[in-house]
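**Q** Provided below: query_23.cif, containing mmCIF, C-alpha atoms.
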```cif
data_start
loop_
_atom_site.label_atom_id
_atom_site.label_comp_id
_atom_site.auth_asym_id
_atom_site.auth_seq_id
_atom_site.Cartn_x
_atom_site.Cartn_y
_atom_site.Cartn_z
CA MET A 1 100.61 8.06 -8.74
CA ARG A 2 101.07 4.45 -7.77
CA GLU A 3 101.42 1.80 -10.44
CA ARG A 4 98.45 -0.58 -10.64
CA ASN A 5 99.26 -4.23 -10.96
CA LEU A 6 95.74 -5.60 -10.50
CA ASN A 7 93.00 -6.17 -13.03
CA SER A 8 90.78 -3.06 -12.83
CA GLU A 9 87.64 -4.95 -13.75
CA LEU A 10 88.23 -7.58 -11.05
CA VAL A 11 88.97 -4.95 -8.40
CA GLY A 12 85.81 -3.06 -9.39
CA GLU A 13 83.73 -6.24 -9.09
CA ILE A 14 85.13 -6.97 -5.63
CA ALA A 15 84.48 -3.40 -4.46
CA ALA A 16 80.92 -3.52 -5.80
CA GLU A 17 80.28 -6.83 -4.02
CA ILE A 18 81.65 -5.45 -0.73
CA MET A 19 79.32 -2.46 -0.99
CA HIS A 20 76.38 -4.72 -1.89
CA VAL A 21 77.06 -7.04 1.07
CA SER A 22 77.37 -4.04 3.38
CA ARG A 23 74.01 -2.60 2.25
CA GLN A 24 72.33 -6.01 2.55
CA LEU A 25 73.70 -6.53 6.06
CA VAL A 26 72.55 -3.07 7.18
CA GLN A 27 69.06 -3.66 5.72
CA ARG A 28 68.75 -7.06 7.40
CA GLY A 29 70.10 -5.63 10.64
CA VAL A 30 67.60 -2.78 10.61
CA ARG A 31 64.77 -5.29 10.12
CA ALA A 32 66.12 -7.65 12.78
CA MET A 33 66.45 -4.88 15.36
CA GLY A 34 63.33 -3.00 14.29
CA ASN A 35 61.46 -3.41 17.56
CA LEU A 36 64.43 -2.60 19.81
CA ASP A 37 64.34 1.17 19.26
CA ILE A 38 68.07 1.40 18.53
CA GLY A 39 69.81 2.37 15.34
CA ILE A 40 72.10 -0.04 13.50
CA GLY A 41 74.95 2.43 14.05
CA GLN A 42 74.41 2.29 17.81
CA LEU A 43 75.06 -1.45 18.05
CA PRO A 44 78.86 -1.12 17.77
CA VAL A 45 78.83 1.44 20.60
CA LEU A 46 76.70 -0.83 22.77
CA LYS A 47 78.96 -3.81 22.00
CA LEU A 48 82.19 -1.90 22.72
CA LEU A 49 80.86 -0.65 26.05
CA SER A 50 79.52 -4.10 26.92
CA ASP A 51 82.89 -5.72 26.16
CA ASN A 52 85.18 -3.03 27.61
CA GLY A 53 83.22 -1.22 30.30
CA ALA A 54 83.26 2.57 30.57
CA MET A 55 85.22 4.41 27.89
CA THR A 56 85.85 8.02 26.96
CA GLN A 57 84.17 9.37 23.84
CA GLY A 58 87.61 9.78 22.30
CA ALA A 59 88.41 6.11 22.88
CA LEU A 60 85.03 5.12 21.41
CA ALA A 61 85.68 7.24 18.31
CA GLU A 62 89.13 5.74 17.90
CA GLU A 63 87.92 2.14 18.29
CA MET A 64 85.09 2.71 15.82
CA HIS A 65 87.29 4.60 13.34
CA VAL A 66 84.96 7.62 13.28
CA THR A 67 85.45 11.29 14.11
CA PRO A 68 84.88 12.60 17.63
CA ALA A 69 82.01 14.72 16.24
CA THR A 70 80.30 11.58 14.88
CA ILE A 71 80.57 9.74 18.18
CA SER A 72 79.43 12.83 20.08
CA GLY A 73 76.13 12.91 18.20
CA THR A 74 75.63 9.17 18.61
CA VAL A 75 76.37 9.33 22.34
CA ARG A 76 73.97 12.27 22.77
CA ARG A 77 71.13 10.36 21.09
CA MET A 78 71.87 7.20 23.06
CA GLU A 79 71.93 9.14 26.33
CA ARG A 80 68.52 10.70 25.53
CA SER A 81 67.21 7.17 24.88
CA GLY A 82 68.48 5.98 28.26
CA LEU A 83 70.94 3.46 26.78
CA ILE A 84 74.10 5.05 28.16
CA CYS A 85 75.17 7.58 30.75
CA ARG A 86 78.12 9.94 30.93
CA THR A 87 80.03 10.48 34.16
CA PRO A 88 83.03 12.69 34.91
CA ALA A 89 86.35 10.95 35.48
CA GLU A 90 87.30 10.83 39.15
CA MET A 91 90.86 12.07 38.65
CA ASP A 92 90.14 14.58 35.88
CA GLY A 93 86.69 16.17 35.89
CA ARG A 94 87.19 17.35 32.31
CA SER A 95 87.02 13.81 30.90
CA LEU A 96 83.69 12.07 30.61
CA TYR A 97 83.26 8.33 30.66
CA VAL A 98 80.46 6.69 28.74
CA SER A 99 78.93 3.53 30.16
CA LEU A 100 75.88 1.36 29.61
CA THR A 101 72.75 1.72 31.68
CA GLU A 102 70.76 -1.38 32.60
CA LYS A 103 68.49 -0.60 29.64
CA GLY A 104 71.57 -0.33 27.41
CA ARG A 105 72.90 -3.67 28.64
CA ALA A 106 69.56 -5.36 27.96
CA ARG A 107 69.25 -3.78 24.49
CA CYS A 108 72.80 -4.79 23.63
CA ALA A 109 72.05 -8.43 24.46
CA GLN A 110 68.81 -8.28 22.46
CA ALA A 111 70.51 -6.63 19.47
CA VAL A 112 73.38 -9.12 19.44
CA ALA A 113 70.83 -11.95 19.47
CA ALA A 114 68.79 -10.25 16.72
CA MET A 115 71.88 -9.98 14.50
CA GLU A 116 72.66 -13.70 14.73
CA LEU A 117 70.28 -14.55 11.86
CA PRO A 118 71.67 -11.95 9.40
CA TYR A 119 75.20 -13.03 10.29
CA ASP A 120 74.29 -16.70 9.88
CA GLU A 121 72.72 -15.92 6.50
CA MET A 122 75.80 -14.01 5.39
CA PHE A 123 78.18 -16.84 6.27
CA ALA A 124 76.00 -19.79 5.25
CA GLY A 125 78.16 -22.53 3.77
CA PHE A 126 81.44 -21.03 5.00
CA SER A 127 83.84 -23.11 7.06
CA GLU A 128 85.51 -21.59 10.09
CA ASP A 129 88.78 -21.42 8.15
CA GLU A 130 87.06 -19.57 5.30
CA CYS A 131 85.57 -17.12 7.81
CA ARG A 132 89.03 -16.48 9.27
CA LEU A 133 90.43 -15.97 5.77
CA ALA A 134 87.61 -13.53 4.91
CA ARG A 135 88.25 -11.66 8.18
CA ASP A 136 91.95 -11.42 7.38
CA PHE A 137 91.31 -10.13 3.85
CA VAL A 138 88.82 -7.51 5.01
CA HIS A 139 91.13 -6.46 7.83
CA ARG A 140 93.99 -6.04 5.37
CA MET A 141 91.78 -3.96 3.06
CA ALA A 142 90.81 -1.73 5.98
CA GLU A 143 94.46 -1.33 6.98
CA ASN A 144 95.39 -0.41 3.40
CA LEU A 145 92.67 2.24 3.29
CA SER A 146 93.64 3.56 6.74
CA ARG A 147 97.27 3.83 5.66
CA GLU A 148 96.26 5.74 2.52
CA THR A 149 94.13 8.10 4.61
CA GLU A 150 97.00 8.73 7.05
CA GLU A 151 99.51 9.32 4.25
CA SER A 152 97.24 11.84 2.53
CA GLY A 153 96.60 13.68 5.81
CA GLU A 154 92.83 13.20 5.82
#
```
How does this structure look as structure tokens?

**A**
Amino acid sequence: MRERNLNSELVGEIAAEIMHVSRQLVQRGVRAMGNLDIGIGQLPVLKLLSDNGAMTQGALAEEMHVTPATISGTVRRMERSGLICRTPAEMDGRSLYVSLTEKGRARCAQAVAAMELPYDEMFAGFSEDECRLARDFVHRMAENLSRETEESGE
């Protein structure tokens, strides 16, 4: 077991605040995107495909830090909704590429715009430097947790 050198109460407060902020952001996001007929969990997929173009499901899962099974279900639902399409790779018919449809592109733009208000609310009063610092801290926390997951074989 690793030696703890941080105040347990402080660490617990930080973790509780992170979870609270996460829940609040999801709730506000769900409200903001309520009339778009997309789930809050579908926005990262839309955004990745919008930014990167067609991707394999495996690449999507890796970028989103989720299991292939999780992304498979999300992609299936999004395909039924007409947001994305899957096409076989030209060189290797076994691989499928996921890409946005016109409807998916439009919904992505609408969802990104809808999330501006919750994001603005979350970072009200923060300077750009403070936002960068917050990003760096959260990124480091995520890396620490990823490293722990890899070391334990999960």

**Q** Which residues fall under the PyMOL selection byres ((chain A and resi 88) around 12) in this file, as a list in words?

**A**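 Evaluating the PyMOL selection byres ((chain A and resi 88) around 12) on these coordinates yields Ala54, Met55, Thr56, Gln57, Cys85, Arg86, Thr87, Ala89, Glu90, Met91, Asp92, Gly93, Arg94, Ser95, Leu96, Tyr97, Val98 and Ser99 of chain A.
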
**Q** Could you list, as an MDAnalysis selection string, every residue within 12 Å of Ala69 of chain A, counting only C-alpha atoms and ignoring same-chain residues fewer than 6 positions away?

**A** chainID A and resid 57:58 60:62 75:76

**Q** With only C-alpha atoms as the atoms that count, which of A:Leu43, A:Ile18, A:Val66, A:Val11 lies nearest to Gln110 of chain A?

**A**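 Closest residue, counting only C-alpha atoms: A:Leu43.
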
**Q** Extract, using only C-alpha atoms, all DNA, RNA and protein residues at most 12 Å from segment 31-40 of chain A, discarding same-chain residues fewer than 6 positions from it, and format them as number ranges by chain.

**A** A: 23-25, 46-47, 74-75, 77-84, 103-104, 106-119

**Q** In Å, with one decimal, what is the gap from atom CA of Glu17 of chain A to atom CA of His65 of chain A?

**A** 21.9 Å

**Q** Using only C-alpha atoms, can you tell me which of A:Leu145, A:Cys131, A:Ile71, A:Ala16 comes closest to Gly41 of chain A?

**A**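 For Gly41 of chain A, the nearest of the candidates is A:Ile71.
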
**Q** Just want the 12 Å neighbourhood of Ala134 of chain A, counted on only C-alpha atoms, with same-chain residues fewer than 6 positions away dropped. Output as a list in words.

**A**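 Counting only C-alpha atoms, the residues come to Ile18, Met122, Phe123, Phe126, Ser127, Glu128, Arg140 and Met141 of chain A.
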
**Q** Which distance in Å separates atom CA of Val26 of chain A and atom CA of Pro44 of chain A, to one decimal?

**A**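 Here the two named atoms are 12.5 Å from each other.
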
**Q** Take atom CA of Glu121 of chain A and atom CA of Met19 of chain A and report the distance between them in Å, one decimal.

**A**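 For atom CA of Glu121 of chain A relative to atom CA of Met19 of chain A, the distance reads 16.8 Å.
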
**Q** When distances are computed from all atoms listed in the file, which of A:Ala15, A:Leu6, A:Glu102, A:Ala124 shows the smallest separation from Ser50 of chain A?

**A** A:Glu102

**Q** Using all atoms listed in the file, find the one residue out of A:Arg132, A:Leu100, A:Glu143, A:His20 that sits nearest to Asn52 of chain A.

**A**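 Selected residue with least distance to Asn52 of chain A: A:Leu100.
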